[in-house]
Amino acid sequence: MSSSPEARVEAPPEARPQPRSLTDLFVSFTLLALQGFGGVLAVVQRELVEKKRWMTREEFVEEWAVAQIMPGPNVVNLSLMIGGRYFGLPGAMAALAGMLAVPLLVVLSLALVYAHFAGNPHVAGALRGMGAVAAGLIAATGLKLVTALKNHPLGKTMCAVFALATFAAIALLRWPLLYVLLGLGGLACVMTFRKMGRRGQ
Amino acid sequence: MSISLSAGDWLSLFLHYMVLSLLSVGGAITTASDMHRYLVDSQGWLSESQFSASIAIAQAAPGPNVLFVALMGWNVGLNAGGMPLALLGMTIAMLGIMIPSTTLTYLASRWGHENRELRGVRAFKQGMAPIVIALLIATGWILATGAAYTWSDWPIWSIAIVTAALVWRTRIHLLWLLGAGALIGWMGWI
């Protein structure tokens, strides 16, 4: 039975790597958060999708869509959802605590020493340099996830049209995020919904 | 600065953050302008420089940017008198900004997962995919360009573009890149 082609193509879900325990979740998310200067998302994508393989790129984009549309910090929402997926409410709490507890202590310590270095031009320069790198990290995360659109119901051309329109609205025209999510996002969802129906899925 | 807050003031701080939590689609930072209006302009609980330092420090530190809210609560408490109140302010602000949005997200993602076979749920998740991917690239763009496009910013642009190319095409560890960026900035080359 296991030699049938179908069984080989579709591995059972248990075969996927998973967090082993609540402690594993807490420690994993703490380490993720502590590596995330200027935004944690780039690290989350690299660690959870590429290294730990807890989720595929497609799953990551789908969860990210939900995390993005809900109120609250996106990356905190994402950790909450991933933790909850594996261990229910305790998992969500463990991931959330991992994301916030230790980084909170770090931020507080930084705030306490900040007064001494606020005027130092080297420190200000270093912050600017890290900011520029962080900008590149986030853009690269988006570029990598483009491959998740390969089998999209709308097809490559329509996906590109939506992506370019979103980029122009946010980056060039600086429209409010909410309108773009409701307008372009809503239209994309309706079109996907209709495409899915036509393909009889 | 020195201020005094009654129990009612702490409660209204908590409630204000709970409301902002529900409005913070796209992250807590999108409500920062309203926090400024409330804390600095209307209540006078926070100075202008404390407000902007709270955001700058949280951006520079590792971890989610929402921690700037913790620093604001901390500073309000410090202004009201010392460390214990600072801890109280931090706790109130963080619980206020986190509880409504996390509860809503948890319930919504549970519902979405239980109904993941529904055509509507699948259409939503897949339909949003090109949008959210483009949003990431746009966010990188905005962070690199800041409020205005100026030619003197070309070193920042170059660093951002080189970083993006390296992360996209290689498996180099992200902390090396951040370290290099910090070094270049420290030396005053940007």
# chains A, B, ... in the order shown; residues from 1 in each chain; ligands from 1
>>> residues_around(residues="range 151-156 of chain B", least_positions_apart="6", cutoff="7 Å", atoms="only C-alpha atoms", output="PyMOL selection string")
(chain A and resi 132) or (chain B and resi 144+190)
>>> residues_around(residues="Gly136 in chain A", least_positions_apart="6", cutoff="9 Å", atoms="only C-alpha atoms", output="number ranges by chain")
B: 137, 140-141, 143-144, 157, 159-165, 167
>>> closest_residue(among="B:Ser101, B:Ser42, B:Asn79, B:Asn115", to="chain A", atoms="only C-alpha atoms")
B:Ser101
>>> residues_around(residues="range 85-102 of chain A", least_positions_apart="3", cutoff="8 Å", atoms="only C-alpha atoms", output="list in words")
Gln18, Pro19, Leu22, Thr23, Leu25, Phe26, Val27, Ser28, Phe29, Thr30, Leu32, Ala33, Leu34, Val76, Ser79, Leu80, Met81, Ile82, Leu105 and Val106 of chain A; Gly63, Pro64, Leu67 and Tyr106 of chain B
>>> residues_around(residues="Asn65 in chain B", least_positions_apart="4", cutoff="8 Å", atoms="only C-alpha atoms", output="ChimeraX atom specification")
/A:38-39,73 /B:29,58-59
>>> residues_around(residues="Ala60 in chain B", least_positions_apart="4", cutoff="12 Å", atoms="only C-alpha atoms", output="PyMOL selection string")
(chain A and resi 34-40+103+106-107+110-111+114+123-134) or (chain B and resi 53-56+64-65+67-68+178+182)
>>> write_last_selection(atoms="C-alpha atoms", output="PDB file, in the first residue's frame")
ATOM      1  CA  LEU A  34      15.800  38.082  19.776  1.00  0.00           C
ATOM      2  CA  GLN A  35      17.240  37.772  16.262  1.00  0.00           C
ATOM      3  CA  GLY A  36      14.651  40.122  14.810  1.00  0.00           C
ATOM      4  CA  PHE A  37      16.091  43.616  14.760  1.00  0.00           C
ATOM      5  CA  GLY A  38      13.763  46.060  13.054  1.00  0.00           C
ATOM      6  CA  GLY A  39      11.061  43.449  12.573  1.00  0.00           C
ATOM      7  CA  VAL A  40      10.831  39.742  13.289  1.00  0.00           C
ATOM      8  CA  PRO A 103      12.439  40.977  24.280  1.00  0.00           C
ATOM      9  CA  VAL A 106      15.852  43.699  26.531  1.00  0.00           C
ATOM     10  CA  VAL A 107      13.884  46.780  25.445  1.00  0.00           C
ATOM     11  CA  LEU A 110      17.995  49.487  26.428  1.00  0.00           C
ATOM     12  CA  ALA A 111      15.667  52.262  27.537  1.00  0.00           C
ATOM     13  CA  TYR A 114      19.638  54.975  26.265  1.00  0.00           C
ATOM     14  CA  VAL A 123      25.221  55.059  18.018  1.00  0.00           C
ATOM     15  CA  ALA A 124      22.847  57.079  15.860  1.00  0.00           C
ATOM     16  CA  GLY A 125      24.800  55.977  12.751  1.00  0.00           C
ATOM     17  CA  ALA A 126      24.734  52.323  13.781  1.00  0.00           C
ATOM     18  CA  LEU A 127      20.978  52.520  14.265  1.00  0.00           C
ATOM     19  CA  ARG A 128      20.615  54.050  10.795  1.00  0.00           C
ATOM     20  CA  GLY A 129      22.744  51.281   9.276  1.00  0.00           C
ATOM     21  CA  MET A 130      20.697  48.568  10.971  1.00  0.00           C
ATOM     22  CA  GLY A 131      17.535  50.278   9.808  1.00  0.00           C
ATOM     23  CA  ALA A 132      18.712  50.113   6.186  1.00  0.00           C
ATOM     24  CA  VAL A 133      19.539  46.404   6.541  1.00  0.00           C
ATOM     25  CA  ALA A 134      16.162  45.731   8.168  1.00  0.00           C
TER      26      ALA A 134
ATOM     27  CA  ALA B  53      12.457  57.835  22.002  1.00  0.00           C
ATOM     28  CA  SER B  54      10.011  55.064  22.937  1.00  0.00           C
ATOM     29  CA  ILE B  55       9.426  54.306  19.263  1.00  0.00           C
ATOM     30  CA  ALA B  56      13.089  54.614  18.253  1.00  0.00           C
ATOM     31  CA  PRO B  64       8.302  42.856  17.852  1.00  0.00           C
ATOM     32  CA  ASN B  65       7.960  46.612  17.394  1.00  0.00           C
ATOM     33  CA  LEU B  67       7.102  46.829  22.558  1.00  0.00           C
ATOM     34  CA  PHE B  68       7.182  50.599  21.979  1.00  0.00           C
ATOM     35  CA  LEU B 178      22.702  43.497  10.684  1.00  0.00           C
ATOM     36  CA  ALA B 182      25.634  48.647  12.298  1.00  0.00           C
TER      37      ALA B 182
END
>>> atom_distance(atom1="CA of Leu173 in chain A", atom2="CA of Ala135 in chain A")
18.4 Å
>>> atom_distance(atom1="CA of Cys159 in chain A", atom2="CA of Val180 in chain A")
15.3 Å
>>> residues_around(residues="Ser33 in chain B", least_positions_apart="5", cutoff="12 Å", atoms="only C-alpha atoms", output="PyMOL selection string")
chain B and resi 20+24+28+38-41+51-52+55
>>> atom_distance(atom1="CA of Phe14 in chain B", atom2="CA of Gly84 in chain A")
26.2 Å
